[in-house]
Amino acid sequence: MAVSNMTIQLNVSNGTLESPAHCDDHCRKVLATLYSLVLLGGTAGSILMSHVLLQRKSQSIITVIIANIVVLHSILLLSLPFRLSYYFLLEWKLGWLTCRVISSMVYAHMYFTFLFYVAIIIIRLLIYFQRILLQELQKRHAIALSVTIWLVGMLIFSLVFQFQYGTHIHSSQHHCFHFYQELNDTTVVIINYCMIVILMVTVLVLSLIQLVIITRLTKSLWPDMFTHQEFRAQINSFFFLVVIVVCFLPHHAFRVFFIHSYFQNKTSELILYNEICIALTTVCCLDMLCFIG
């Protein structure tokens with residue numbers, strides 16, 4: 001695949017950036033189409049799920065966590081028109097700080113959503129193993145858990161954003177969302193590898209546990225397993241794992257190859273595929289449509 005206008009050149013003698021990489025017409029069309037679909041579908045899903053949540057008379061801990069996910073999706077969706085304007089206008093006109101904020105929203109959304117997904121799965125696992133009773137989980141526990149995730153997540157995100165994200169490259173008056181050059185910084189590479197390992201190990205462990213539980217429930221409740229709330233709850237948890245595998249795992253799996261290959265050969269194809277994998281993480285905004293369905 002030829003992406004002729006997307007090049008990266010480094011001055012070997014002084015290590016400075018000479019020309020920033022950017023998407024060509026094909027790259028912009030692919031990303032604009034994907035982000036547009038996410039914006040439309042995600043907005044519809046968030047509105048529908050918000051309506052469903054508001055109609056509920058009681059708010060369980062799972063309901064509160066899902067409400068947090070809807071808020072996360074809404075924040076990301078608000079940032080997508082800025083991305084789309086860049087792909088359509090071919091120029092960034094909102095300043096470097098705004099570029100960093102809008103660009104970081106994709107990563108913040110991905111990892112916050114991942115944390116809330118994992119929280120739902122772990123809570124249902126604890127209920128299954130009778131470590132906690134559903135009656136013991138009150139709304140205040142859900143609020144406390146949500147606040148903890150937001151505070152800890154925002155603290156980590158703020159530190160990374162302030163000291164690492166977009167701070168190792170020269171600002172651009174016309175281009176945005178091109179932070180590949182930061183991979184020349186060892187700290188950035190280490191952070192990337194740590195996040196990849198944490199996410200993949202977490203998904204692997206939870207998937208194995210979830211499959212074992214679903215298999216046991218299927219054997220014990222067959223053929224009427226779908227009439228039992230316990231089985232349906234575990235299937236719902238497995239749905240969130242599927243979303244993680246489909247939307248988040250490709251980005252992290254390709255990220256390993258991208259980091260390794262970027263040091264050796266900064267090809268335009270790598271950058272294009274990396275952008276597509278990043279865009280794929282936003283597809284999780286469609287989860288509310290699937291969940292309602």
# chains A, B, ... in the order shown; residues from 1 in each chain; ligands from 1
call {"tool": "residues_around", "arguments": {"residues": "Cys284 of chain A", "least_positions_apart": "3", "cutoff": "7 Å", "atoms": "only C-alpha atoms", "output": "PyMOL selection string"}}
result
chain A and resi 243+247+281+287
call {"tool": "write_last_selection", "arguments": {"atoms": "all heavy atoms", "output": "tab-separated table (two decimals), in the first residue's frame"}}
result
chain	number	residue	atom	x	y	z
A	243	VAL	N	-15.75	-7.29	23.78
A	243	VAL	CA	-15.53	-5.91	23.34
A	243	VAL	C	-14.06	-5.54	23.52
A	243	VAL	O	-13.44	-4.92	22.65
A	243	VAL	CB	-16.42	-4.93	24.12
A	243	VAL	CG1	-16.07	-3.48	23.75
A	243	VAL	CG2	-17.89	-5.19	23.81
A	247	CYS	N	-11.89	-4.64	20.30
A	247	CYS	CA	-11.56	-3.21	20.14
A	247	CYS	C	-10.18	-2.82	20.69
A	247	CYS	O	-9.49	-2.00	20.08
A	247	CYS	CB	-12.63	-2.36	20.83
A	247	CYS	SG	-14.28	-2.54	20.13
A	281	THR	N	-10.15	1.29	18.57
A	281	THR	CA	-10.46	1.31	20.01
A	281	THR	C	-11.72	2.11	20.30
A	281	THR	O	-12.39	1.87	21.31
A	281	THR	CB	-9.28	1.90	20.81
A	281	THR	OG1	-9.11	3.28	20.48
A	281	THR	CG2	-7.99	1.16	20.52
A	287	ASP	N	-20.87	-0.32	22.05
A	287	ASP	CA	-21.25	-1.41	22.95
A	287	ASP	C	-22.63	-1.23	23.53
A	287	ASP	O	-23.35	-2.21	23.76
A	287	ASP	CB	-20.21	-1.56	24.07
A	287	ASP	CG	-20.08	-0.29	24.92
A	287	ASP	OD1	-20.68	0.74	24.55
A	287	ASP	OD2	-19.36	-0.33	25.94
call {"tool": "residues_around", "arguments": {"residues": "Phe254 of chain A", "least_positions_apart": "4", "cutoff": "12 Å", "atoms": "only C-alpha atoms", "output": "list in words"}}
result
Asn192, Tyr193, Ile196, Phe248, Leu249, Pro250, Phe258, Ile259, His260, Ser261, Tyr262, Leu270, Ile271, Leu272, Tyr273, Asn274, Glu275, Ile276, Cys277, Ile278 and Leu280 of chain A
call {"tool": "atom_distance", "arguments": {"atom1": "atom CA of Leu115 of chain A", "atom2": "atom CA of Ser46 of chain A"}}
result
18.5 Å
call {"tool": "atom_distance", "arguments": {"atom1": "atom CA of Leu80 of chain A", "atom2": "atom CA of Arg56 of chain A"}}
result
29.7 Å
call {"tool": "residues_around", "arguments": {"residues": "Leu77 of chain A", "least_positions_apart": "4", "cutoff": "12 Å", "atoms": "only C-alpha atoms", "output": "MDAnalysis selection string"}}
result
chainID A and resid 35:47 70:73 81:84 102 105:106 109 282:286
call {"tool": "closest_residue", "arguments": {"among": "A:Ile209, A:Ile235, A:Ile121, A:Ile149", "to": "Asn68 of chain A", "atoms": "only C-alpha atoms"}}
result
A:Ile149
call {"tool": "closest_residue", "arguments": {"among": "A:Phe112, A:Ser104, A:Val201, A:Thr148", "to": "Val160 of chain A", "atoms": "only C-alpha atoms"}}
result
A:Ser104
call {"tool": "atom_distance", "arguments": {"atom1": "atom CA of Ile214 of chain A", "atom2": "atom CA of Arg124 of chain A"}}
result
12.2 Å
